$ cat model.pdb   # PDB, C-alpha atoms, pLDDT in the B column
ATOM      1  CA  MET G   1       0.000   0.000   0.000  1.00 42.00           C
ATOM      2  CA  THR G   2       3.033   2.243   0.056  1.00 44.00           C
ATOM      3  CA  PRO G   3       4.007   3.811  -3.240  1.00 42.00           C
ATOM      4  CA  ASN G   4       7.771   3.583  -3.092  1.00 44.00           C
ATOM      5  CA  ARG G   5       8.833   3.120  -6.690  1.00 44.00           C
ATOM      6  CA  GLU G   6       6.462   5.701  -8.147  1.00 51.00           C
ATOM      7  CA  PRO G   7       7.293   9.405  -8.152  1.00 62.00           C
ATOM      8  CA  ASP G   8       5.987  10.867  -4.942  1.00 75.00           C
ATOM      9  CA  VAL G   9       2.496  11.892  -5.952  1.00 79.00           C
ATOM     10  CA  PHE G  10       1.193  11.363  -2.423  1.00 73.00           C
ATOM     11  CA  GLY G  11       3.858  13.580  -0.890  1.00 77.00           C
ATOM     12  CA  ALA G  12       3.192  16.195  -3.541  1.00 83.00           C
ATOM     13  CA  ILE G  13      -0.507  16.491  -2.766  1.00 78.00           C
ATOM     14  CA  SER G  14      -0.046  16.275   0.993  1.00 74.00           C
ATOM     15  CA  ASN G  15       0.586  20.021   1.131  1.00 79.00           C
ATOM     16  CA  PRO G  16      -2.486  22.341   1.099  1.00 80.00           C
ATOM     17  CA  ALA G  17      -0.730  25.053  -0.917  1.00 88.00           C
ATOM     18  CA  ARG G  18       0.222  22.545  -3.597  1.00 89.00           C
ATOM     19  CA  ARG G  19      -3.322  21.205  -3.713  1.00 84.00           C
ATOM     20  CA  HIS G  20      -4.535  24.764  -4.199  1.00 86.00           C
ATOM     21  CA  MET G  21      -2.005  25.184  -7.010  1.00 91.00           C
ATOM     22  CA  LEU G  22      -3.345  22.109  -8.733  1.00 88.00           C
ATOM     23  CA  ASP G  23      -6.870  23.465  -8.380  1.00 84.00           C
ATOM     24  CA  LEU G  24      -5.760  26.676 -10.090  1.00 88.00           C
ATOM     25  CA  LEU G  25      -3.961  24.788 -12.821  1.00 90.00           C
ATOM     26  CA  ALA G  26      -6.972  22.571 -13.334  1.00 85.00           C
ATOM     27  CA  GLU G  27      -8.825  25.717 -14.422  1.00 84.00           C
ATOM     28  CA  ALA G  28      -6.145  26.966 -16.813  1.00 88.00           C
ATOM     29  CA  ASP G  29      -2.442  26.849 -17.540  1.00 93.00           C
ATOM     30  CA  ARG G  30      -0.673  29.597 -15.608  1.00 94.00           C
ATOM     31  CA  SER G  31       2.723  31.189 -15.211  1.00 94.00           C
ATOM     32  CA  VAL G  32       4.566  31.400 -11.891  1.00 93.00           C
ATOM     33  CA  ASN G  33       3.629  35.061 -11.613  1.00 92.00           C
ATOM     34  CA  ALA G  34      -0.031  34.351 -12.219  1.00 92.00           C
ATOM     35  CA  MET G  35       0.151  31.629  -9.579  1.00 93.00           C
ATOM     36  CA  ALA G  36       1.986  33.819  -7.082  1.00 93.00           C
ATOM     37  CA  GLY G  37      -0.868  36.340  -7.201  1.00 93.00           C
ATOM     38  CA  HIS G  38      -3.070  33.782  -5.469  1.00 93.00           C
ATOM     39  CA  PHE G  39      -0.730  33.173  -2.554  1.00 94.00           C
ATOM     40  CA  LYS G  40       0.719  35.158   0.313  1.00 94.00           C
ATOM     41  CA  MET G  41       4.049  33.323   0.023  1.00 94.00           C
ATOM     42  CA  SER G  42       7.011  34.657  -1.976  1.00 93.00           C
ATOM     43  CA  ARG G  43       7.483  33.896  -5.624  1.00 93.00           C
ATOM     44  CA  PRO G  44      10.517  31.644  -4.933  1.00 94.00           C
ATOM     45  CA  ALA G  45       8.387  29.705  -2.471  1.00 95.00           C
ATOM     46  CA  VAL G  46       5.737  29.259  -5.141  1.00 95.00           C
ATOM     47  CA  SER G  47       8.442  28.074  -7.529  1.00 94.00           C
ATOM     48  CA  GLN G  48       9.658  25.600  -4.976  1.00 95.00           C
ATOM     49  CA  HIS G  49       6.202  24.078  -4.590  1.00 95.00           C
ATOM     50  CA  LEU G  50       5.885  23.943  -8.371  1.00 95.00           C
ATOM     51  CA  ARG G  51       9.187  22.088  -8.468  1.00 95.00           C
ATOM     52  CA  VAL G  52       7.737  19.400  -6.199  1.00 94.00           C
ATOM     53  CA  LEU G  53       4.696  19.117  -8.467  1.00 94.00           C
ATOM     54  CA  LEU G  54       6.966  18.905 -11.514  1.00 95.00           C
ATOM     55  CA  ASP G  55       9.067  16.179  -9.920  1.00 93.00           C
ATOM     56  CA  ALA G  56       5.935  14.186  -9.159  1.00 91.00           C
ATOM     57  CA  GLY G  57       4.865  14.576 -12.778  1.00 93.00           C
ATOM     58  CA  LEU G  58       1.638  16.288 -11.729  1.00 92.00           C
ATOM     59  CA  VAL G  59       2.448  19.377 -13.773  1.00 95.00           C
ATOM     60  CA  THR G  60       4.523  20.062 -16.859  1.00 95.00           C
ATOM     61  CA  GLU G  61       6.090  23.353 -17.897  1.00 94.00           C
ATOM     62  CA  GLN G  62       6.056  24.904 -21.313  1.00 93.00           C
ATOM     63  CA  ARG G  63       7.812  27.946 -22.653  1.00 91.00           C
ATOM     64  CA  HIS G  64       5.616  30.721 -23.971  1.00 87.00           C
ATOM     65  CA  GLY G  65       7.914  33.505 -25.130  1.00 88.00           C
ATOM     66  CA  ARG G  66       9.648  34.746 -22.025  1.00 87.00           C
ATOM     67  CA  GLU G  67       7.593  32.943 -19.455  1.00 88.00           C
ATOM     68  CA  ARG G  68       7.022  29.368 -18.496  1.00 90.00           C
ATOM     69  CA  ARG G  69       3.498  28.161 -18.097  1.00 94.00           C
ATOM     70  CA  TYR G  70       2.489  25.275 -15.952  1.00 95.00           C
ATOM     71  CA  HIS G  71       0.023  22.653 -17.017  1.00 93.00           C
ATOM     72  CA  PHE G  72      -1.808  20.176 -14.788  1.00 91.00           C
ATOM     73  CA  VAL G  73      -1.630  16.473 -15.714  1.00 89.00           C
ATOM     74  CA  PRO G  74      -4.613  14.906 -13.894  1.00 82.00           C
ATOM     75  CA  GLU G  75      -3.785  11.412 -15.164  1.00 81.00           C
ATOM     76  CA  ARG G  76      -0.793  11.475 -12.850  1.00 83.00           C
ATOM     77  CA  LEU G  77      -3.196  11.236  -9.931  1.00 78.00           C
ATOM     78  CA  GLY G  78      -3.890   7.687 -11.074  1.00 76.00           C
ATOM     79  CA  PRO G  79      -1.964   6.210  -8.133  1.00 72.00           C
ATOM     80  CA  VAL G  80      -4.261   8.045  -5.726  1.00 72.00           C
ATOM     81  CA  ARG G  81      -7.317   6.625  -7.404  1.00 71.00           C
ATOM     82  CA  ASP G  82      -5.741   3.186  -7.710  1.00 73.00           C
ATOM     83  CA  TRP G  83      -5.008   3.328  -4.040  1.00 71.00           C
ATOM     84  CA  ILE G  84      -8.701   3.534  -3.221  1.00 78.00           C
ATOM     85  CA  ALA G  85      -9.687   0.997  -5.892  1.00 80.00           C
ATOM     86  CA  HIS G  86      -7.137  -1.259  -4.262  1.00 76.00           C
ATOM     87  CA  TYR G  87      -8.841  -0.881  -0.900  1.00 82.00           C
ATOM     88  CA  GLU G  88     -12.252  -1.449  -2.449  1.00 86.00           C
ATOM     89  CA  ARG G  89     -11.096  -4.783  -3.800  1.00 85.00           C
ATOM     90  CA  PHE G  90      -9.450  -5.581  -0.537  1.00 85.00           C
ATOM     91  CA  TRP G  91     -12.669  -5.049   1.443  1.00 90.00           C
ATOM     92  CA  ASP G  92     -14.855  -6.817  -1.105  1.00 90.00           C
ATOM     93  CA  ASP G  93     -12.575  -9.787  -0.730  1.00 88.00           C
ATOM     94  CA  ARG G  94     -12.560  -9.632   3.089  1.00 91.00           C
ATOM     95  CA  LEU G  95     -16.340  -9.247   3.392  1.00 93.00           C
ATOM     96  CA  GLN G  96     -16.767 -12.196   1.064  1.00 92.00           C
ATOM     97  CA  ARG G  97     -14.525 -14.211   3.338  1.00 92.00           C
ATOM     98  CA  LEU G  98     -16.550 -13.136   6.360  1.00 94.00           C
ATOM     99  CA  ARG G  99     -19.744 -14.376   4.729  1.00 94.00           C
ATOM    100  CA  LYS G 100     -18.188 -17.707   3.819  1.00 93.00           C
ATOM    101  CA  LEU G 101     -16.769 -18.150   7.275  1.00 93.00           C
ATOM    102  CA  LEU G 102     -20.129 -17.470   8.911  1.00 94.00           C
ATOM    103  CA  SER G 103     -21.970 -19.897   6.671  1.00 92.00           C
ATOM    104  CA  LYS G 104     -19.334 -22.555   7.347  1.00 90.00           C
ATOM    105  CA  LYS G 105     -19.531 -22.008  11.097  1.00 82.00           C
ATOM    106  CA  SER G 106     -23.318 -22.092  11.213  1.00 81.00           C
ATOM    107  CA  LYS G 107     -23.263 -25.488   9.479  1.00 79.00           C
ATOM    108  CA  GLU G 108     -20.850 -26.957  12.002  1.00 74.00           C
TER     109      GLU G 108
ATOM    110  CA  MET B   1     -12.263  16.450   1.179  1.00 53.00           C
ATOM    111  CA  THR B   2     -12.262  12.738   1.746  1.00 69.00           C
ATOM    112  CA  LYS B   3     -13.567   9.673   0.045  1.00 75.00           C
ATOM    113  CA  THR B   4     -15.418   6.803   1.686  1.00 84.00           C
ATOM    114  CA  ILE B   5     -15.761   3.169   0.717  1.00 87.00           C
ATOM    115  CA  GLN B   6     -19.210   1.887   1.596  1.00 89.00           C
ATOM    116  CA  ARG B   7     -20.653  -1.579   1.325  1.00 89.00           C
ATOM    117  CA  GLU B   8     -23.931  -3.032   2.417  1.00 90.00           C
ATOM    118  CA  ILE B   9     -24.208  -6.788   2.554  1.00 90.00           C
ATOM    119  CA  SER B  10     -26.821  -9.238   3.682  1.00 89.00           C
ATOM    120  CA  ILE B  11     -25.757 -12.127   5.891  1.00 90.00           C
ATOM    121  CA  PRO B  12     -28.094 -15.038   6.676  1.00 91.00           C
ATOM    122  CA  GLN B  13     -26.719 -15.490  10.199  1.00 91.00           C
ATOM    123  CA  PRO B  14     -28.072 -13.545  13.196  1.00 92.00           C
ATOM    124  CA  ARG B  15     -26.392 -10.419  14.464  1.00 93.00           C
ATOM    125  CA  GLU B  16     -24.787 -12.091  17.513  1.00 92.00           C
ATOM    126  CA  GLN B  17     -22.900 -14.523  15.268  1.00 91.00           C
ATOM    127  CA  VAL B  18     -21.701 -11.765  13.001  1.00 93.00           C
ATOM    128  CA  TRP B  19     -20.667  -9.731  16.013  1.00 94.00           C
ATOM    129  CA  ARG B  20     -18.561 -12.643  17.266  1.00 91.00           C
ATOM    130  CA  ALA B  21     -16.902 -13.014  13.873  1.00 92.00           C
ATOM    131  CA  ILE B  22     -15.846  -9.378  13.851  1.00 93.00           C
ATOM    132  CA  THR B  23     -14.839  -9.060  17.503  1.00 94.00           C
ATOM    133  CA  ASP B  24     -13.291 -12.393  18.490  1.00 93.00           C
ATOM    134  CA  SER B  25      -9.579 -12.120  17.753  1.00 95.00           C
ATOM    135  CA  ALA B  26      -9.162 -15.708  16.511  1.00 92.00           C
ATOM    136  CA  THR B  27     -12.261 -15.570  14.310  1.00 91.00           C
ATOM    137  CA  LEU B  28     -11.291 -12.148  13.044  1.00 92.00           C
ATOM    138  CA  ALA B  29      -7.947 -13.619  12.014  1.00 90.00           C
ATOM    139  CA  GLU B  30      -9.760 -16.205   9.894  1.00 89.00           C
ATOM    140  CA  TRP B  31     -11.207 -13.641   7.517  1.00 90.00           C
ATOM    141  CA  MET B  32      -8.888 -10.700   8.123  1.00 90.00           C
ATOM    142  CA  PHE B  33      -5.318 -11.167   9.386  1.00 89.00           C
ATOM    143  CA  PRO B  34      -3.518 -12.195  12.574  1.00 93.00           C
ATOM    144  CA  ASN B  35      -4.277  -9.546  15.162  1.00 96.00           C
ATOM    145  CA  ASP B  36      -4.328  -8.671  18.852  1.00 98.00           C
ATOM    146  CA  PHE B  37      -7.784  -7.175  18.825  1.00 98.00           C
ATOM    147  CA  GLU B  38      -9.795  -6.750  22.023  1.00 98.00           C
ATOM    148  CA  PRO B  39     -13.356  -5.472  22.038  1.00 97.00           C
ATOM    149  CA  ARG B  40     -12.902  -2.383  24.177  1.00 97.00           C
ATOM    150  CA  VAL B  41     -12.754   1.277  23.290  1.00 98.00           C
ATOM    151  CA  GLY B  42      -9.243   2.717  23.342  1.00 98.00           C
ATOM    152  CA  HIS B  43      -7.492  -0.615  22.779  1.00 98.00           C
ATOM    153  CA  HIS B  44      -4.564  -0.365  20.357  1.00 98.00           C
ATOM    154  CA  PHE B  45      -4.037  -3.348  18.089  1.00 98.00           C
ATOM    155  CA  THR B  46      -2.474  -4.363  14.802  1.00 97.00           C
ATOM    156  CA  PHE B  47      -3.282  -6.551  11.856  1.00 92.00           C
ATOM    157  CA  ARG B  48      -0.200  -8.294  10.533  1.00 91.00           C
ATOM    158  CA  VAL B  49      -0.496  -8.868   6.822  1.00 83.00           C
ATOM    159  CA  PRO B  50       1.964 -11.635   5.974  1.00 80.00           C
ATOM    160  CA  GLY B  51       4.672 -10.999   3.406  1.00 72.00           C
ATOM    161  CA  ASN B  52       5.124 -12.860   0.180  1.00 68.00           C
ATOM    162  CA  PRO B  53       8.713 -13.047  -1.117  1.00 69.00           C
ATOM    163  CA  LYS B  54       7.525 -14.326  -4.501  1.00 66.00           C
ATOM    164  CA  ALA B  55       5.419 -11.232  -4.980  1.00 61.00           C
ATOM    165  CA  ASN B  56       8.207  -9.044  -3.594  1.00 62.00           C
ATOM    166  CA  PHE B  57       5.904  -7.998  -0.775  1.00 65.00           C
ATOM    167  CA  ASP B  58       7.425  -7.489   2.686  1.00 70.00           C
ATOM    168  CA  GLY B  59       4.200  -7.696   4.568  1.00 74.00           C
ATOM    169  CA  LEU B  60       2.431  -4.874   6.241  1.00 79.00           C
ATOM    170  CA  VAL B  61       1.382  -3.857   9.710  1.00 87.00           C
ATOM    171  CA  VAL B  62      -1.928  -2.072  10.016  1.00 89.00           C
ATOM    172  CA  ARG B  63      -2.144   0.038  13.177  1.00 93.00           C
ATOM    173  CA  CYS B  64      -5.575   0.351  14.711  1.00 96.00           C
ATOM    174  CA  GLN B  65      -7.375   1.618  17.768  1.00 97.00           C
ATOM    175  CA  VAL B  66     -10.896   0.681  18.819  1.00 98.00           C
ATOM    176  CA  LEU B  67     -13.040   3.821  18.578  1.00 98.00           C
ATOM    177  CA  GLU B  68     -16.508   2.446  19.215  1.00 98.00           C
ATOM    178  CA  CYS B  69     -17.694  -0.879  20.511  1.00 98.00           C
ATOM    179  CA  GLU B  70     -21.392  -1.339  21.197  1.00 98.00           C
ATOM    180  CA  PRO B  71     -22.299  -5.042  21.119  1.00 97.00           C
ATOM    181  CA  PRO B  72     -23.892  -6.275  18.997  1.00 96.00           C
ATOM    182  CA  ARG B  73     -24.506  -3.291  16.763  1.00 97.00           C
ATOM    183  CA  LEU B  74     -21.454  -1.142  16.171  1.00 98.00           C
ATOM    184  CA  LEU B  75     -17.721  -1.634  15.914  1.00 98.00           C
ATOM    185  CA  ALA B  76     -15.392   1.095  14.688  1.00 98.00           C
ATOM    186  CA  PHE B  77     -11.630   1.325  14.702  1.00 97.00           C
ATOM    187  CA  SER B  78      -8.989   3.597  13.255  1.00 96.00           C
ATOM    188  CA  TRP B  79      -6.857   2.228  10.427  1.00 91.00           C
ATOM    189  CA  SER B  80      -3.346   3.413   9.579  1.00 87.00           C
ATOM    190  CA  ALA B  81      -1.109   1.593   7.131  1.00 80.00           C
ATOM    191  CA  GLY B  82       1.687   3.007   5.047  1.00 70.00           C
ATOM    192  CA  ARG B  83       0.604   6.382   3.749  1.00 63.00           C
ATOM    193  CA  LEU B  84      -2.913   5.844   4.904  1.00 71.00           C
ATOM    194  CA  GLU B  85      -3.114   7.651   8.236  1.00 76.00           C
ATOM    195  CA  GLY B  86      -6.047   7.930  10.578  1.00 79.00           C
ATOM    196  CA  THR B  87      -8.789   6.495   8.410  1.00 86.00           C
ATOM    197  CA  ARG B  88     -11.772   4.866  10.047  1.00 93.00           C
ATOM    198  CA  VAL B  89     -13.299   1.440   9.530  1.00 94.00           C
ATOM    199  CA  SER B  90     -16.746   0.659  10.869  1.00 95.00           C
ATOM    200  CA  PHE B  91     -19.192  -2.231  10.917  1.00 95.00           C
ATOM    201  CA  ARG B  92     -22.798  -1.541  11.743  1.00 97.00           C
ATOM    202  CA  LEU B  93     -25.072  -4.542  12.240  1.00 95.00           C
ATOM    203  CA  VAL B  94     -28.822  -4.281  11.834  1.00 97.00           C
ATOM    204  CA  PRO B  95     -31.217  -7.217  12.294  1.00 97.00           C
ATOM    205  CA  ASP B  96     -32.806  -8.241   9.014  1.00 95.00           C
ATOM    206  CA  GLY B  97     -35.387 -10.960   9.505  1.00 95.00           C
ATOM    207  CA  GLU B  98     -33.460 -14.004  10.724  1.00 92.00           C
ATOM    208  CA  GLY B  99     -30.248 -12.553   9.421  1.00 92.00           C
ATOM    209  CA  THR B 100     -28.182  -9.425   9.524  1.00 93.00           C
ATOM    210  CA  ARG B 101     -27.637  -6.420   7.352  1.00 94.00           C
ATOM    211  CA  LEU B 102     -24.023  -5.300   7.558  1.00 93.00           C
ATOM    212  CA  PHE B 103     -23.151  -1.702   6.764  1.00 94.00           C
ATOM    213  CA  PHE B 104     -19.453  -1.411   6.197  1.00 93.00           C
ATOM    214  CA  GLU B 105     -17.563   1.844   5.853  1.00 92.00           C
ATOM    215  CA  HIS B 106     -13.935   2.785   5.408  1.00 89.00           C
ATOM    216  CA  SER B 107     -13.755   6.571   5.521  1.00 88.00           C
ATOM    217  CA  GLY B 108     -11.154   9.301   5.576  1.00 84.00           C
ATOM    218  CA  PHE B 109      -9.301   8.790   2.291  1.00 77.00           C
ATOM    219  CA  ASP B 110      -8.032  12.279   1.605  1.00 67.00           C
ATOM    220  CA  VAL B 111      -8.192  12.674  -2.132  1.00 60.00           C
ATOM    221  CA  SER B 112      -7.929  16.444  -2.066  1.00 53.00           C
ATOM    222  CA  GLN B 113     -10.880  17.503  -4.121  1.00 39.00           C
ATOM    223  CA  PRO B 114     -11.803  18.765  -6.597  1.00 38.00           C
ATOM    224  CA  PHE B 115      -8.906  17.613  -8.736  1.00 39.00           C
ATOM    225  CA  GLY B 116      -9.091  14.208  -7.114  1.00 37.00           C
ATOM    226  CA  GLU B 117     -12.603  13.816  -8.387  1.00 38.00           C
ATOM    227  CA  GLN B 118     -11.448  14.741 -11.849  1.00 35.00           C
ATOM    228  CA  ALA B 119      -8.771  12.096 -11.681  1.00 33.00           C
ATOM    229  CA  PHE B 120     -11.349   9.541 -10.600  1.00 33.00           C
ATOM    230  CA  LYS B 121     -13.121  10.064 -13.868  1.00 30.00           C
ATOM    231  CA  GLY B 122      -9.879   9.918 -15.808  1.00 28.00           C
ATOM    232  CA  ALA B 123      -8.317   7.178 -17.827  1.00 24.00           C
ATOM    233  CA  GLU B 124      -8.256   3.666 -16.438  1.00 26.00           C
ATOM    234  CA  TYR B 125      -5.029   2.472 -14.938  1.00 29.00           C
ATOM    235  CA  GLY B 126      -3.992  -1.125 -15.036  1.00 24.00           C
ATOM    236  CA  TRP B 127      -3.571  -3.215 -11.956  1.00 22.00           C
ATOM    237  CA  ALA B 128       0.005  -3.805 -13.002  1.00 25.00           C
ATOM    238  CA  LYS B 129       0.708  -0.253 -11.897  1.00 28.00           C
ATOM    239  CA  MET B 130      -0.715  -0.898  -8.502  1.00 27.00           C
ATOM    240  CA  LEU B 131       1.264   0.584  -5.694  1.00 29.00           C
ATOM    241  CA  GLY B 132       1.547  -2.367  -3.428  1.00 34.00           C
ATOM    242  CA  GLN B 133       1.501  -6.075  -3.943  1.00 33.00           C
ATOM    243  CA  LEU B 134      -1.361  -6.676  -1.586  1.00 35.00           C
ATOM    244  CA  PRO B 135      -3.964  -7.555  -4.229  1.00 37.00           C
ATOM    245  CA  THR B 136      -1.757 -10.392  -5.455  1.00 40.00           C
ATOM    246  CA  VAL B 137      -1.208 -11.616  -1.950  1.00 36.00           C
ATOM    247  CA  VAL B 138      -4.887 -11.380  -1.126  1.00 40.00           C
ATOM    248  CA  ALA B 139      -5.809 -13.243  -4.276  1.00 42.00           C
ATOM    249  CA  ARG B 140      -3.300 -15.982  -3.519  1.00 44.00           C
ATOM    250  CA  LEU B 141      -4.507 -16.303   0.032  1.00 43.00           C
ATOM    251  CA  ALA B 142      -8.091 -16.519  -1.159  1.00 44.00           C
ATOM    252  CA  ALA B 143      -7.231 -19.071  -3.842  1.00 52.00           C
ATOM    253  CA  GLY B 144      -5.371 -21.173  -1.300  1.00 49.00           C
ATOM    254  CA  ARG B 145      -8.223 -21.238   1.167  1.00 44.00           C
ATOM    255  CA  ASN B 146     -11.308 -21.600  -0.945  1.00 36.00           C
TER     256      ASN B 146
END
$ encode --input "model.pdb" --output "structure tokens"
Amino acid sequence: MTPNREPDVFGAISNPARRHMLDLLAEADRSVNAMAGHFKMSRPAVSQHLRVLLDAGLVTEQRHGRERRYHFVPERLGPVRDWIAHYERFWDDRLQRLRKLLSKKSKE
Amino acid sequence: MTKTIQREISIPQPREQVWRAITDSATLAEWMFPNDFEPRVGHHFTFRVPGNPKANFDGLVVRCQVLECEPPRLLAFSWSAGRLEGTRVSFRLVPDGEGTRLFFEHSGFDVSQPFGEQAFKGAEYGWAKMLGQLPTVVARLAAGRN
């Protein structure tokens, strides 16, 4: 249940500011400056958070003239969704076992 | 924002029998995993998911604490394993004729909406990309026992 070989998507979204950044990028591609306008933190701090998102593959950057724009890649959240699907299967399997066990015991 | 797994299943056996199966440590181990569960609020316990060298899975310890225990109707405990911290698992038992209706819930998956929701509707990912090896282990265990 621990994603150790994947880029750290979970770590990347564990921070509220970074989640907010993804929300903003989900609306539209934005530059660092456009992003910084939404936060009280310094521009370098915003860049640092973006770096974490880039490393996790959750955003990509593209050059537009002089500025870089950041683009959200929602597919990269797949591991998060898989993680829950994984638990769904896990519990379906366990509850099935519980039913079987009870029917076996009541026949004994 | 968090996500919850919910299941509702019908069990032909009466509530007291189901209650025993979910609160007796040895019986619990038969359908879950080896554990040191005790049916009292505040008790800390673990489930020890066995490893499987063939599947390159080291095993896993799930840390839990009993949050609610009201025989024979409600059992809830916290569930922390790996990155999954402080989620909550609950079993609610309601009489249903001769049998029992079991309402299961595992809540507290922080998927950081709304982009999480978007991702949920996104492209399908294969099980090969799964983060842990547990599904394989679970499947093997199930195949071995049934």
$ resolve_selection --input "model.pdb" --expression "the PyMOL selection byres ((chain B and resi 74) around 8)" --output "ChimeraX atom specification"
/B:68-73,75-76,90-93
$ interface_residues --input "model.pdb" --of "chain G" --to "chain B" --cutoff "10 Å" --atoms "all atoms listed in the file" --output "short mmCIF file (atom, residue, chain, number, x, y, z; two decimals) with C-alpha atoms, keeping the file's coordinate frame"
data_model
loop_
_atom_site.label_atom_id
_atom_site.label_comp_id
_atom_site.auth_asym_id
_atom_site.auth_seq_id
_atom_site.Cartn_x
_atom_site.Cartn_y
_atom_site.Cartn_z
CA MET G 1 0.00 0.00 0.00
CA THR G 2 3.03 2.24 0.06
CA PRO G 3 4.01 3.81 -3.24
CA ASN G 4 7.77 3.58 -3.09
CA ARG G 5 8.83 3.12 -6.69
CA GLU G 6 6.46 5.70 -8.15
CA PHE G 10 1.19 11.36 -2.42
CA GLY G 11 3.86 13.58 -0.89
CA ILE G 13 -0.51 16.49 -2.77
CA SER G 14 -0.05 16.27 0.99
CA ASN G 15 0.59 20.02 1.13
CA PRO G 16 -2.49 22.34 1.10
CA ARG G 19 -3.32 21.20 -3.71
CA HIS G 20 -4.54 24.76 -4.20
CA LEU G 22 -3.34 22.11 -8.73
CA ASP G 23 -6.87 23.46 -8.38
CA LEU G 24 -5.76 26.68 -10.09
CA LEU G 25 -3.96 24.79 -12.82
CA ALA G 26 -6.97 22.57 -13.33
CA GLU G 27 -8.82 25.72 -14.42
CA PHE G 72 -1.81 20.18 -14.79
CA VAL G 73 -1.63 16.47 -15.71
CA PRO G 74 -4.61 14.91 -13.89
CA GLU G 75 -3.78 11.41 -15.16
CA ARG G 76 -0.79 11.48 -12.85
CA LEU G 77 -3.20 11.24 -9.93
CA GLY G 78 -3.89 7.69 -11.07
CA PRO G 79 -1.96 6.21 -8.13
CA VAL G 80 -4.26 8.04 -5.73
CA ARG G 81 -7.32 6.62 -7.40
CA ASP G 82 -5.74 3.19 -7.71
CA TRP G 83 -5.01 3.33 -4.04
CA ILE G 84 -8.70 3.53 -3.22
CA ALA G 85 -9.69 1.00 -5.89
CA HIS G 86 -7.14 -1.26 -4.26
CA TYR G 87 -8.84 -0.88 -0.90
CA GLU G 88 -12.25 -1.45 -2.45
CA ARG G 89 -11.10 -4.78 -3.80
CA PHE G 90 -9.45 -5.58 -0.54
CA TRP G 91 -12.67 -5.05 1.44
CA ASP G 92 -14.86 -6.82 -1.10
CA ASP G 93 -12.58 -9.79 -0.73
CA ARG G 94 -12.56 -9.63 3.09
CA LEU G 95 -16.34 -9.25 3.39
CA GLN G 96 -16.77 -12.20 1.06
CA ARG G 97 -14.52 -14.21 3.34
CA LEU G 98 -16.55 -13.14 6.36
CA ARG G 99 -19.74 -14.38 4.73
CA LYS G 100 -18.19 -17.71 3.82
CA LEU G 101 -16.77 -18.15 7.28
CA LEU G 102 -20.13 -17.47 8.91
CA SER G 103 -21.97 -19.90 6.67
CA LYS G 105 -19.53 -22.01 11.10
CA SER G 106 -23.32 -22.09 11.21
#
$ atom_distance --input "model.pdb" --atom1 "CA of Thr60 in chain G" --atom2 "CA of Arg30 in chain G"
10.9 Å
$ residues_around --input "model.pdb" --residues "Val61 in chain B" --least-positions-apart "3" --cutoff "7 Å" --atoms "only C-alpha atoms" --output "JSON, numbers by chain"
{"B": [46, 47, 48, 49, 81]}
$ atom_distance --input "model.pdb" --atom1 "CA of Val59 in chain G" --atom2 "CA of Val46 in chain G"
13.5 Å
$ residues_around --input "model.pdb" --residues "Met35 in chain G" --least-positions-apart "4" --cutoff "12 Å" --atoms "all atoms listed in the file" --output "list of chain:residue names"
G:Ala17, G:Arg18, G:His20, G:Met21, G:Leu22, G:Asp23, G:Leu24, G:Leu25, G:Glu27, G:Ala28, G:Asp29, G:Arg30, G:Ser31, G:Phe39, G:Lys40, G:Met41, G:Ser42, G:Arg43, G:Pro44, G:Ala45, G:Val46, G:Ser47, G:His49, G:Leu50, G:Arg68, G:Arg69, G:Tyr70, G:His71
$ write_last_selection --input "model.pdb" --atoms "C-alpha atoms" --output "compact mmCIF listing (two decimals), keeping the file's coordinate frame"
# COMPACT_ATOMS: atom_id res chain seq x y z
CA ALA G 17 -0.73 25.05 -0.92
CA ARG G 18 0.22 22.54 -3.60
CA HIS G 20 -4.54 24.76 -4.20
CA MET G 21 -2.00 25.18 -7.01
CA LEU G 22 -3.34 22.11 -8.73
CA ASP G 23 -6.87 23.46 -8.38
CA LEU G 24 -5.76 26.68 -10.09
CA LEU G 25 -3.96 24.79 -12.82
CA GLU G 27 -8.82 25.72 -14.42
CA ALA G 28 -6.14 26.97 -16.81
CA ASP G 29 -2.44 26.85 -17.54
CA ARG G 30 -0.67 29.60 -15.61
CA SER G 31 2.72 31.19 -15.21
CA PHE G 39 -0.73 33.17 -2.55
CA LYS G 40 0.72 35.16 0.31
CA MET G 41 4.05 33.32 0.02
CA SER G 42 7.01 34.66 -1.98
CA ARG G 43 7.48 33.90 -5.62
CA PRO G 44 10.52 31.64 -4.93
CA ALA G 45 8.39 29.70 -2.47
CA VAL G 46 5.74 29.26 -5.14
CA SER G 47 8.44 28.07 -7.53
CA HIS G 49 6.20 24.08 -4.59
CA LEU G 50 5.88 23.94 -8.37
CA ARG G 68 7.02 29.37 -18.50
CA ARG G 69 3.50 28.16 -18.10
CA TYR G 70 2.49 25.28 -15.95
CA HIS G 71 0.02 22.65 -17.02
$ atom_distance --input "model.pdb" --atom1 "CA of Trp79 in chain B" --atom2 "CA of Gln65 in chain B"
7.4 Å
$ closest_residue --input "model.pdb" --among "G:Gly37, G:Val32, G:Val52, G:Lys107" --to "Arg66 in chain G" --atoms "all atoms listed in the file"
G:Val32
$ axis_aligned_box --input "model.pdb" --around "range 19-34 of chain G" --padding-each-side "8 Å" --output "AutoDock Vina command-line options"
--center_x -2.1 --center_y 28.1 --center_z -10.6 --size_x 29.4 --size_y 29.9 --size_z 29.8
